[in-house]
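As provided, input.pdb (PDB, C-alpha atoms) reads as follows.
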MODEL        1
ATOM      1  CA  LYS A 100     -11.459   4.680  24.060
ATOM      2  CA  GLN A 101      -8.196   6.521  24.464
ATOM      3  CA  MET A 102      -5.445   6.372  27.047
ATOM      4  CA  MET A 103      -2.113   8.160  27.100
ATOM      5  CA  GLY A 104       0.606   9.111  29.519
ATOM      6  CA  ASN A 105       4.287   9.803  30.023
ATOM      7  CA  VAL A 106       6.875   9.455  32.760
ATOM      8  CA  VAL A 107      10.006  11.616  32.974
ATOM      9  CA  TYR A 108      13.098  10.928  35.042
ATOM     10  CA  ASP A 109      15.735  13.595  35.673
ATOM     11  CA  LEU A 110      19.032  11.783  35.966
ATOM     12  CA  ALA A 111      22.357  13.090  37.208
ATOM     13  CA  GLY A 112      24.843  14.876  34.979
ATOM     14  CA  GLY A 113      22.373  16.701  32.749
ATOM     15  CA  MET A 114      20.636  13.500  31.584
ATOM     16  CA  SER A 115      16.912  12.810  31.348
ATOM     17  CA  LEU A 116      14.792   9.808  30.399
ATOM     18  CA  ARG A 117      11.189   9.939  29.236
ATOM     19  CA  PHE A 118       8.728   7.119  28.544
ATOM     20  CA  THR A 119       5.530   7.752  26.596
ATOM     21  CA  GLY A 120       2.561   5.616  25.657
ATOM     22  CA  ALA A 121      -0.795   6.008  23.951
ATOM     23  CA  TYR A 122      -3.593   3.573  23.121
ATOM     24  CA  THR A 123      -6.667   4.230  21.016
ATOM     25  CA  ASN A 124      -9.555   1.874  20.313
ATOM     26  CA  LYS A 125     -12.448   2.722  18.021
ATOM     27  CA  SER A 126     -15.298   0.274  17.451
ATOM     28  CA  ASN A 127     -18.503   0.776  15.519
ATOM     29  CA  PHE A 128     -21.183  -1.134  13.686
ATOM     30  CA  ASP A 129     -22.071  -0.436  10.077
ATOM     31  CA  TYR A 130     -25.739  -0.553   9.093
ATOM     32  CA  PRO A 131     -25.687  -0.629   5.270
ATOM     33  CA  GLY A 132     -29.174   0.854   4.973
ATOM     34  CA  ILE A 133     -28.379   4.043   6.874
ATOM     35  CA  GLY A 134     -27.489   6.826   4.495
ATOM     36  CA  SER A 135     -28.139   4.657   1.450
ATOM     37  CA  SER A 136     -30.272   5.823  -1.465
ATOM     38  CA  SER A 137     -31.132   2.217  -2.299
ATOM     39  CA  ASN A 138     -34.675   1.276  -1.381
ATOM     40  CA  ALA A 139     -33.671  -2.379  -1.016
ATOM     41  CA  SER A 140     -30.878  -1.530   1.449
ATOM     42  CA  ILE A 141     -33.237   0.499   3.609
ATOM     43  CA  LEU A 142     -35.907  -2.200   3.652
ATOM     44  CA  ASN A 143     -33.334  -4.884   4.466
ATOM     45  CA  TRP A 144     -32.138  -2.778   7.397
ATOM     46  CA  LEU A 145     -35.706  -2.290   8.649
ATOM     47  CA  TRP A 146     -36.309  -6.023   8.601
ATOM     48  CA  ASP A 147     -32.979  -7.124  10.032
ATOM     49  CA  ARG A 148     -30.928  -4.855  12.282
ATOM     50  CA  ALA A 149     -28.974  -7.631  14.019
ATOM     51  CA  VAL A 150     -27.569 -10.116  11.523
ATOM     52  CA  GLY A 151     -27.047  -7.763   8.587
ATOM     53  CA  VAL A 152     -24.460  -5.690  10.450
ATOM     54  CA  SER A 153     -20.738  -5.347   9.915
ATOM     55  CA  ARG A 154     -18.431  -4.497  12.791
ATOM     56  CA  SER A 155     -15.216  -2.504  12.388
ATOM     57  CA  GLU A 156     -12.497  -2.050  14.978
ATOM     58  CA  LEU A 157      -9.336   0.025  14.922
ATOM     59  CA  ASP A 158      -6.567  -0.326  17.515
ATOM     60  CA  ASN A 159      -3.506   1.918  17.736
ATOM     61  CA  LEU A 160      -0.717   1.436  20.268
ATOM     62  CA  GLN A 161       2.296   3.733  20.481
ATOM     63  CA  LEU A 162       5.227   3.330  22.877
ATOM     64  CA  GLY A 163       8.299   5.510  23.016
ATOM     65  CA  VAL A 164      11.443   6.303  24.965
ATOM     66  CA  ARG A 165      13.666   9.400  24.772
ATOM     67  CA  PHE A 166      17.096   9.830  26.297
ATOM     68  CA  ALA A 167      18.711  13.282  26.340
ATOM     69  CA  HIS A 168      22.100  14.349  27.624
ATOM     70  CA  ALA A 169      23.419  17.895  27.900
ATOM     71  CA  ILE A 170      27.173  17.421  27.757
ATOM     72  CA  ASN A 171      27.770  21.087  28.479
ATOM     73  CA  GLN A 172      26.046  24.405  27.950
ATOM     74  CA  ALA A 173      26.794  24.328  24.210
ATOM     75  CA  THR A 174      26.358  20.658  23.260
ATOM     76  CA  PHE A 175      23.648  18.077  23.779
ATOM     77  CA  TYR A 176      22.382  14.914  22.098
ATOM     78  CA  GLU A 177      19.194  12.894  22.233
ATOM     79  CA  ILE A 178      18.077   9.434  21.178
ATOM     80  CA  LYS A 179      14.412   8.626  20.503
ATOM     81  CA  ILE A 180      12.926   5.182  19.842
ATOM     82  CA  ASN A 181       9.226   4.737  19.042
ATOM     83  CA  ARG A 182       7.058   1.789  18.149
ATOM     84  CA  LEU A 183       3.610   2.108  16.583
ATOM     85  CA  THR A 184       1.277  -0.810  15.912
ATOM     86  CA  THR A 185      -2.107  -0.627  14.201
ATOM     87  CA  LYS A 186      -4.827  -3.215  13.703
ATOM     88  CA  HIS A 187      -7.892  -2.687  11.535
ATOM     89  CA  THR A 188     -10.538  -5.409  11.304
ATOM     90  CA  VAL A 189     -13.929  -5.430   9.566
ATOM     91  CA  GLY A 190     -16.406  -8.274   9.402
ATOM     92  CA  SER A 191     -19.767  -9.694  10.295
ATOM     93  CA  PRO A 192     -19.918 -10.836  13.938
ATOM     94  CA  VAL A 193     -22.003 -13.899  13.003
ATOM     95  CA  LEU A 194     -20.331 -15.088   9.792
ATOM     96  CA  SER A 195     -17.121 -17.077   9.904
ATOM     97  CA  PRO A 196     -14.381 -15.629   7.684
ATOM     98  CA  ASN A 197     -13.707 -19.191   6.577
ATOM     99  CA  GLY A 198     -17.243 -19.771   5.308
ATOM    100  CA  TYR A 199     -19.547 -18.588   2.531
ATOM    101  CA  ARG A 200     -22.912 -16.961   2.936
ATOM    102  CA  ASP A 201     -25.087 -18.194   0.081
ATOM    103  CA  VAL A 202     -23.993 -21.794  -0.519
ATOM    104  CA  THR A 203     -26.986 -24.142  -0.591
ATOM    105  CA  TYR A 204     -25.162 -27.318   0.297
ATOM    106  CA  ASP A 205     -23.606 -28.409   3.559
ATOM    107  CA  ASP A 206     -19.999 -29.398   3.022
ATOM    108  CA  GLY A 207     -18.575 -27.823   6.140
ATOM    109  CA  VAL A 208     -18.092 -24.315   4.736
ATOM    110  CA  SER A 209     -21.600 -22.834   4.847
ATOM    111  CA  THR A 210     -22.723 -21.138   8.048
ATOM    112  CA  TRP A 211     -25.952 -19.296   7.266
ATOM    113  CA  ILE A 212     -28.164 -18.933   4.242
ATOM    114  CA  PRO A 213     -30.340 -15.812   3.942
ATOM    115  CA  TYR A 214     -33.987 -16.208   2.968
ATOM    116  CA  LYS A 215     -36.681 -13.962   1.558
ATOM    117  CA  THR A 216     -39.917 -13.053   3.199
ATOM    118  CA  PRO A 217     -43.188 -13.162   1.229
ATOM    119  CA  ASP A 218     -42.704  -9.507   0.276
ATOM    120  CA  GLN A 219     -39.250 -10.349  -1.159
ATOM    121  CA  ILE A 220     -37.210  -8.679   1.581
ATOM    122  CA  ASN A 221     -33.966 -10.466   2.461
ATOM    123  CA  VAL A 222     -33.510 -11.529   6.071
ATOM    124  CA  GLY A 223     -30.155 -12.674   7.416
ATOM    125  CA  GLN A 224     -28.227 -11.246   4.478
ATOM    126  CA  MET A 225     -24.941 -10.650   6.212
ATOM    127  CA  PRO A 226     -22.068  -8.556   4.825
ATOM    128  CA  THR A 227     -19.459 -10.689   3.079
ATOM    129  CA  GLN A 228     -16.370  -8.549   3.577
ATOM    130  CA  PHE A 229     -13.635  -9.389   6.057
ATOM    131  CA  LEU A 230     -10.629  -7.109   6.468
ATOM    132  CA  ASP A 231      -7.609  -7.800   8.664
ATOM    133  CA  GLU A 232      -4.883  -5.192   8.178
ATOM    134  CA  ARG A 233      -1.989  -4.842  10.618
ATOM    135  CA  THR A 234       1.073  -2.633  10.599
ATOM    136  CA  GLY A 235       4.078  -2.119  12.821
ATOM    137  CA  THR A 236       6.596   0.711  12.695
ATOM    138  CA  ILE A 237       9.821   1.123  14.646
ATOM    139  CA  SER A 238      11.463   4.549  14.425
ATOM    140  CA  VAL A 239      14.930   5.492  15.654
ATOM    141  CA  ASP A 240      16.088   9.114  15.706
ATOM    142  CA  ALA A 241      19.436  10.234  17.110
ATOM    143  CA  SER A 242      20.783  13.776  16.856
ATOM    144  CA  LEU A 243      23.669  15.907  18.143
ATOM    145  CA  THR A 244      23.485  19.688  18.452
ATOM    146  CA  SER A 245      26.451  21.891  19.286
ATOM    147  CA  GLN A 246      26.889  25.666  19.373
ATOM    148  CA  VAL A 247      30.501  25.562  18.226
ATOM    149  CA  THR A 248      30.937  29.334  18.067
ATOM    150  CA  ASN A 249      28.671  32.326  18.381
ATOM    151  CA  ALA A 250      28.182  32.204  14.608
ATOM    152  CA  HIS A 251      27.979  28.467  13.963
ATOM    153  CA  MET A 252      25.565  25.863  15.356
ATOM    154  CA  LEU A 253      26.092  22.332  14.057
ATOM    155  CA  LEU A 254      23.333  19.740  13.876
ATOM    156  CA  SER A 255      23.828  16.142  12.764
ATOM    157  CA  GLY A 256      21.906  12.942  13.136
ATOM    158  CA  ILE A 257      20.555   9.685  11.828
ATOM    159  CA  GLN A 258      16.982   8.504  11.279
ATOM    160  CA  MET A 259      15.732   4.950  10.680
ATOM    161  CA  ASN A 260      12.256   3.519  10.096
ATOM    162  CA  PHE A 261      11.416  -0.181   9.934
ATOM    163  CA  TYR A 262       7.949  -1.226   8.758
ATOM    164  CA  ASN A 263       5.991  -4.468   8.989
ATOM    165  CA  VAL A 264       2.793  -4.722   6.918
ATOM    166  CA  ASN A 265       0.492  -7.737   7.129
ATOM    167  CA  VAL A 266      -2.749  -7.756   5.116
ATOM    168  CA  ASN A 267      -5.249 -10.625   5.058
ATOM    169  CA  ASN A 268      -8.487  -9.487   3.404
ATOM    170  CA  ARG A 269     -11.306 -11.651   2.034
ATOM    171  CA  THR A 270     -14.259 -10.149   0.226
ATOM    172  CA  GLY A 271     -17.155 -11.428  -1.854
ATOM    173  CA  LEU A 272     -17.805 -14.397   0.441
ATOM    174  CA  THR A 273     -21.230 -15.173  -0.969
ATOM    175  CA  ALA A 274     -19.759 -18.246  -2.690
ATOM    176  CA  ILE A 275     -16.421 -19.746  -3.642
ATOM    177  CA  THR A 276     -16.637 -18.377  -7.195
ATOM    178  CA  SER A 277     -17.040 -14.766  -6.056
ATOM    179  CA  GLU A 278     -14.351 -14.710  -3.381
ATOM    180  CA  VAL A 279     -11.508 -12.214  -3.704
ATOM    181  CA  SER A 280      -8.459 -12.667  -1.467
ATOM    182  CA  GLU A 281      -5.837 -10.026  -0.761
ATOM    183  CA  ARG A 282      -2.958 -11.406   1.251
ATOM    184  CA  TYR A 283       0.566 -10.087   1.477
ATOM    185  CA  LYS A 284       3.365  -9.258   3.874
ATOM    186  CA  ALA A 285       6.055  -6.631   3.462
ATOM    187  CA  LYS A 286       8.929  -5.340   5.582
ATOM    188  CA  PRO A 287      10.298  -2.163   3.975
ATOM    189  CA  ALA A 288      12.857   0.061   5.693
ATOM    190  CA  GLU A 289      14.349   3.502   5.224
ATOM    191  CA  TRP A 290      17.162   5.443   6.821
ATOM    192  CA  ALA A 291      18.855   8.796   6.518
ATOM    193  CA  VAL A 292      21.901  10.713   7.763
ATOM    194  CA  TYR A 293      22.175  14.478   7.774
ATOM    195  CA  ALA A 294      24.383  17.384   8.830
ATOM    196  CA  GLN A 295      23.589  21.082   9.030
ATOM    197  CA  ASP A 296      25.380  24.286   9.898
ATOM    198  CA  LYS A 297      23.312  27.238  11.033
ATOM    199  CA  MET A 298      25.359  30.385  10.499
ATOM    200  CA  GLU A 299      24.363  33.687  12.085
ATOM    201  CA  PHE A 300      26.036  36.920  11.112
ATOM    202  CA  GLU A 301      25.015  40.504  11.542
ATOM    203  CA  GLY A 302      22.008  41.008   9.311
ATOM    204  CA  MET A 303      22.090  37.449   7.868
ATOM    205  CA  ILE A 304      21.149  33.909   8.885
ATOM    206  CA  ALA A 305      22.035  30.980   6.622
ATOM    207  CA  ASN A 306      21.338  27.237   6.910
ATOM    208  CA  LEU A 307      23.601  24.931   4.939
ATOM    209  CA  GLY A 308      23.088  21.194   5.106
ATOM    210  CA  LEU A 309      23.444  17.831   3.465
ATOM    211  CA  ARG A 310      21.114  14.837   3.759
ATOM    212  CA  PHE A 311      21.342  11.322   2.356
ATOM    213  CA  ASP A 312      18.282   9.030   2.219
ATOM    214  CA  ALA A 313      18.097   5.344   1.391
ATOM    215  CA  TYR A 314      15.101   3.016   1.208
TER     216      TYR A 314
ENDMDL
END
What is this file in structure tokens?
Amino acid sequence: KQMMGNVVYDLAGGMSLRFTGAYTNKSNFDYPGIGSSSNASILNWLWDRAVGVSRSELDNLQLGVRFAHAINQATFYEIKINRLTTKHTVGSPVLSPNGYRDVTYDDGVSTWIPYKTPDQINVGQMPTQFLDERTGTISVDASLTSQVTNAHMLLSGIQMNFYNVNVNNRTGLTAITSEVSERYKAKPAEWAVYAQDKMEFEGMIANLGLRFDAY
């Protein structure tokens, strides 16, 4: 699924305001036996195409606003702010991420135990991988452009990015001894300032600039 759109307002005095948005959702089910060269994987899929399935879902949401102002015919500035959030989840629809698949005792953590048919094919052998990865990004971009003279056009601005990363993955949930957890949060940031002079002379165009980045 995908939706997107934008709204633009023309304000007085050479000013404009634009709002943008986009949303994407992608869901699918993973059948381990499809495309596998393993005979066991294919037979397991043939016997059980409901429980032994992993579902993945990806959500992206982007929202933005842009304000632009033409001060005069030679100078204008614009400010852009965007926010992007992503969410990626993977897991079995019928296995709790707080449980274990193959435990043989009932202590409140087991949810389902697979069994073998007489021909040794596993039934109810659910995937044991759960992924929960989320990110958020806020971007700010402000710039000023001015045609100072016929030969010089100045461009300056500032850029900032703020990130939020949240990962909570659990894999190997066949038993407590095989579990692997990956959990962390991070909030890095980066910013930059820059200035540039575009010089145009007869038979020559030169761009001279300076940029400083920090992260």
Any idea what's packed within 8 Å of His187 in chain A, counting all atoms listed in the file, ignoring anything in its chain fewer than 5 positions away? Could you give it as a PyMOL selection string? chain A and resi 155-158+230-233
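The shortest atom-to-atom distance to Val189 in chain A, with all atoms listed in the file taken into account, belongs to A:Arg154 out of A:Arg154, A:Arg117, A:Lys286, A:Arg165.
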What separation in Å, quoted to one decimal, exists between CA of Glu278 in chain A and CA of Thr234 in chain A?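 Atom-to-atom, CA of Glu278 in chain A and CA of Thr234 in chain A are spaced 24.1 Å apart.
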Within 7 Å of range 299-312 of chain A, counting all atoms listed in the file, which residues show up once you throw out same-chain ones fewer than 3 positions away? Write them as a PDB file with C-alpha atoms, keeping the file's coordinate frame, please.
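result_9.pdb written:
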ATOM      1  CA  ALA A 250      28.182  32.204  14.608  1.00  0.00           C
ATOM      2  CA  HIS A 251      27.979  28.467  13.963  1.00  0.00           C
ATOM      3  CA  TRP A 290      17.162   5.443   6.821  1.00  0.00           C
ATOM      4  CA  ALA A 291      18.855   8.796   6.518  1.00  0.00           C
ATOM      5  CA  VAL A 292      21.901  10.713   7.763  1.00  0.00           C
ATOM      6  CA  TYR A 293      22.175  14.478   7.774  1.00  0.00           C
ATOM      7  CA  ALA A 294      24.383  17.384   8.830  1.00  0.00           C
ATOM      8  CA  GLN A 295      23.589  21.082   9.030  1.00  0.00           C
ATOM      9  CA  ASP A 296      25.380  24.286   9.898  1.00  0.00           C
TER      10      ASP A 296
END
For Ser153 in chain A, the closest of A:Asn268, A:Ser277, A:Ser191, A:Asn249 counting all atoms listed in the file is A:Ser191
Picked residues, the PyMOL selection byres ((chain A and resi 264) around 6), as a CSV table (one decimal) with C-alpha atoms, in the coordinates of the input:
chain,number,residue,atom,x,y,z
A,234,THR,CA,1.1,-2.6,10.6
A,263,ASN,CA,6.0,-4.5,9.0
A,265,ASN,CA,0.5,-7.7,7.1
A,284,LYS,CA,3.4,-9.3,3.9
A,285,ALA,CA,6.1,-6.6,3.5
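For the choices A:Glu289, A:Asp240, A:Asp109, A:Glu281, the atom-to-atom distance to Asn181 in chain A is smallest for A:Asp240 when using only C-alpha atoms.
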Could you spell out the hits of the PyMOL selection byres ((chain A and resi 161) around 10) on the shown file, as number ranges by chain? A: 103, 119-123, 159-160, 162-163, 181-185, 235-237
Residues matched by the PyMOL selection byres ((chain A and resi 171-178) around 12) as a PDB file with C-alpha atoms, in the frame of the given file:
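Saved the output as part_2.pdb:
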ATOM      1  CA  GLY A 112      24.843  14.876  34.979  1.00  0.00           C
ATOM      2  CA  GLY A 113      22.373  16.701  32.749  1.00  0.00           C
ATOM      3  CA  MET A 114      20.636  13.500  31.584  1.00  0.00           C
ATOM      4  CA  SER A 115      16.912  12.810  31.348  1.00  0.00           C
ATOM      5  CA  LEU A 116      14.792   9.808  30.399  1.00  0.00           C
ATOM      6  CA  ARG A 117      11.189   9.939  29.236  1.00  0.00           C
ATOM      7  CA  GLY A 163       8.299   5.510  23.016  1.00  0.00           C
ATOM      8  CA  VAL A 164      11.443   6.303  24.965  1.00  0.00           C
ATOM      9  CA  ARG A 165      13.666   9.400  24.772  1.00  0.00           C
ATOM     10  CA  PHE A 166      17.096   9.830  26.297  1.00  0.00           C
ATOM     11  CA  ALA A 167      18.711  13.282  26.340  1.00  0.00           C
ATOM     12  CA  HIS A 168      22.100  14.349  27.624  1.00  0.00           C
ATOM     13  CA  ALA A 169      23.419  17.895  27.900  1.00  0.00           C
ATOM     14  CA  ILE A 170      27.173  17.421  27.757  1.00  0.00           C
ATOM     15  CA  LYS A 179      14.412   8.626  20.503  1.00  0.00           C
ATOM     16  CA  ILE A 180      12.926   5.182  19.842  1.00  0.00           C
ATOM     17  CA  ASN A 181       9.226   4.737  19.042  1.00  0.00           C
ATOM     18  CA  SER A 238      11.463   4.549  14.425  1.00  0.00           C
ATOM     19  CA  VAL A 239      14.930   5.492  15.654  1.00  0.00           C
ATOM     20  CA  ASP A 240      16.088   9.114  15.706  1.00  0.00           C
ATOM     21  CA  ALA A 241      19.436  10.234  17.110  1.00  0.00           C
ATOM     22  CA  SER A 242      20.783  13.776  16.856  1.00  0.00           C
ATOM     23  CA  LEU A 243      23.669  15.907  18.143  1.00  0.00           C
ATOM     24  CA  THR A 244      23.485  19.688  18.452  1.00  0.00           C
ATOM     25  CA  SER A 245      26.451  21.891  19.286  1.00  0.00           C
ATOM     26  CA  GLN A 246      26.889  25.666  19.373  1.00  0.00           C
ATOM     27  CA  VAL A 247      30.501  25.562  18.226  1.00  0.00           C
ATOM     28  CA  THR A 248      30.937  29.334  18.067  1.00  0.00           C
ATOM     29  CA  ASN A 249      28.671  32.326  18.381  1.00  0.00           C
ATOM     30  CA  HIS A 251      27.979  28.467  13.963  1.00  0.00           C
ATOM     31  CA  MET A 252      25.565  25.863  15.356  1.00  0.00           C
ATOM     32  CA  LEU A 253      26.092  22.332  14.057  1.00  0.00           C
ATOM     33  CA  LEU A 254      23.333  19.740  13.876  1.00  0.00           C
ATOM     34  CA  SER A 255      23.828  16.142  12.764  1.00  0.00           C
ATOM     35  CA  GLY A 256      21.906  12.942  13.136  1.00  0.00           C
ATOM     36  CA  ILE A 257      20.555   9.685  11.828  1.00  0.00           C
ATOM     37  CA  GLN A 258      16.982   8.504  11.279  1.00  0.00           C
ATOM     38  CA  MET A 259      15.732   4.950  10.680  1.00  0.00           C
TER      39      MET A 259
END
Determine, counting all atoms listed in the file, which protein, DNA and RNA residues have an atom within 9 Å of an atom of Phe229 in chain A; residues of the same chain fewer than 2 positions away are not included. Present the result as a list in words. Thr188, Val189, Gly190, Ser191, Pro196, Pro226, Thr227, Asp231, Asn267, Asn268, Arg269, Thr270, Gly271 and Leu272 of chain A
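Our summary of the geometry notes that CA of Ser280 in chain A is positioned 22.5 Å from CA of Tyr262 in chain A.
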Distance of CA of Pro287 in chain A from CA of Asn105 in chain A, expressed in Å to one decimal place: 29.3 Å
How would range 173-188 of chain A look with N, CA, C and O atoms restored, written as a PDB file, in the frame of the given file?
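part_7.pdb written:
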ATOM      1  N   ALA A 173      26.832  24.106  25.658  1.00  0.00           N
ATOM      2  CA  ALA A 173      26.794  24.328  24.210  1.00  0.00           C
ATOM      3  C   ALA A 173      26.465  23.083  23.409  1.00  0.00           C
ATOM      4  O   ALA A 173      26.159  23.181  22.221  1.00  0.00           O
ATOM      5  N   THR A 174      26.506  21.907  24.024  1.00  0.00           N
ATOM      6  CA  THR A 174      26.358  20.658  23.260  1.00  0.00           C
ATOM      7  C   THR A 174      25.413  19.709  23.982  1.00  0.00           C
ATOM      8  O   THR A 174      25.522  19.524  25.208  1.00  0.00           O
ATOM      9  N   PHE A 175      24.513  19.124  23.222  1.00  0.00           N
ATOM     10  CA  PHE A 175      23.648  18.077  23.779  1.00  0.00           C
ATOM     11  C   PHE A 175      23.268  17.104  22.674  1.00  0.00           C
ATOM     12  O   PHE A 175      23.339  17.426  21.483  1.00  0.00           O
ATOM     13  N   TYR A 176      22.863  15.906  23.058  1.00  0.00           N
ATOM     14  CA  TYR A 176      22.382  14.914  22.098  1.00  0.00           C
ATOM     15  C   TYR A 176      21.154  14.226  22.670  1.00  0.00           C
ATOM     16  O   TYR A 176      20.936  14.231  23.898  1.00  0.00           O
ATOM     17  N   GLU A 177      20.380  13.625  21.802  1.00  0.00           N
ATOM     18  CA  GLU A 177      19.194  12.894  22.233  1.00  0.00           C
ATOM     19  C   GLU A 177      18.966  11.700  21.319  1.00  0.00           C
ATOM     20  O   GLU A 177      19.306  11.727  20.133  1.00  0.00           O
ATOM     21  N   ILE A 178      18.395  10.666  21.905  1.00  0.00           N
ATOM     22  CA  ILE A 178      18.077   9.434  21.178  1.00  0.00           C
ATOM     23  C   ILE A 178      16.610   9.108  21.442  1.00  0.00           C
ATOM     24  O   ILE A 178      16.183   9.028  22.608  1.00  0.00           O
ATOM     25  N   LYS A 179      15.849   8.929  20.380  1.00  0.00           N
ATOM     26  CA  LYS A 179      14.412   8.626  20.503  1.00  0.00           C
ATOM     27  C   LYS A 179      14.098   7.325  19.763  1.00  0.00           C
ATOM     28  O   LYS A 179      14.511   7.147  18.613  1.00  0.00           O
ATOM     29  N   ILE A 180      13.374   6.450  20.434  1.00  0.00           N
ATOM     30  CA  ILE A 180      12.926   5.182  19.842  1.00  0.00           C
ATOM     31  C   ILE A 180      11.417   5.081  20.053  1.00  0.00           C
ATOM     32  O   ILE A 180      10.932   5.215  21.177  1.00  0.00           O
ATOM     33  N   ASN A 181      10.687   4.846  18.980  1.00  0.00           N
ATOM     34  CA  ASN A 181       9.226   4.737  19.042  1.00  0.00           C
ATOM     35  C   ASN A 181       8.760   3.493  18.307  1.00  0.00           C
ATOM     36  O   ASN A 181       9.363   3.087  17.295  1.00  0.00           O
ATOM     37  N   ARG A 182       7.697   2.930  18.819  1.00  0.00           N
ATOM     38  CA  ARG A 182       7.058   1.789  18.149  1.00  0.00           C
ATOM     39  C   ARG A 182       5.558   2.056  18.043  1.00  0.00           C
ATOM     40  O   ARG A 182       4.902   2.370  19.049  1.00  0.00           O
ATOM     41  N   LEU A 183       5.038   1.903  16.844  1.00  0.00           N
ATOM     42  CA  LEU A 183       3.610   2.108  16.583  1.00  0.00           C
ATOM     43  C   LEU A 183       3.037   0.862  15.930  1.00  0.00           C
ATOM     44  O   LEU A 183       3.570   0.375  14.926  1.00  0.00           O
ATOM     45  N   THR A 184       1.972   0.331  16.503  1.00  0.00           N
ATOM     46  CA  THR A 184       1.277  -0.810  15.912  1.00  0.00           C
ATOM     47  C   THR A 184      -0.178  -0.436  15.670  1.00  0.00           C
ATOM     48  O   THR A 184      -0.804   0.238  16.489  1.00  0.00           O
ATOM     49  N   THR A 185      -0.705  -0.868  14.538  1.00  0.00           N
ATOM     50  CA  THR A 185      -2.107  -0.627  14.201  1.00  0.00           C
ATOM     51  C   THR A 185      -2.756  -1.944  13.798  1.00  0.00           C
ATOM     52  O   THR A 185      -2.110  -2.820  13.222  1.00  0.00           O
ATOM     53  N   LYS A 186      -4.038  -2.040  14.088  1.00  0.00           N
ATOM     54  CA  LYS A 186      -4.827  -3.215  13.703  1.00  0.00           C
ATOM     55  C   LYS A 186      -6.203  -2.751  13.285  1.00  0.00           C
ATOM     56  O   LYS A 186      -6.907  -2.094  14.056  1.00  0.00           O
ATOM     57  N   HIS A 187      -6.589  -3.083  12.067  1.00  0.00           N
ATOM     58  CA  HIS A 187      -7.892  -2.687  11.535  1.00  0.00           C
ATOM     59  C   HIS A 187      -8.618  -3.943  11.061  1.00  0.00           C
ATOM     60  O   HIS A 187      -8.140  -4.660  10.170  1.00  0.00           O
ATOM     61  N   THR A 188      -9.763  -4.233  11.675  1.00  0.00           N
ATOM     62  CA  THR A 188     -10.538  -5.409  11.304  1.00  0.00           C
ATOM     63  C   THR A 188     -11.969  -5.002  10.983  1.00  0.00           C
ATOM     64  O   THR A 188     -12.535  -4.108  11.617  1.00  0.00           O
TER      65      THR A 188
END
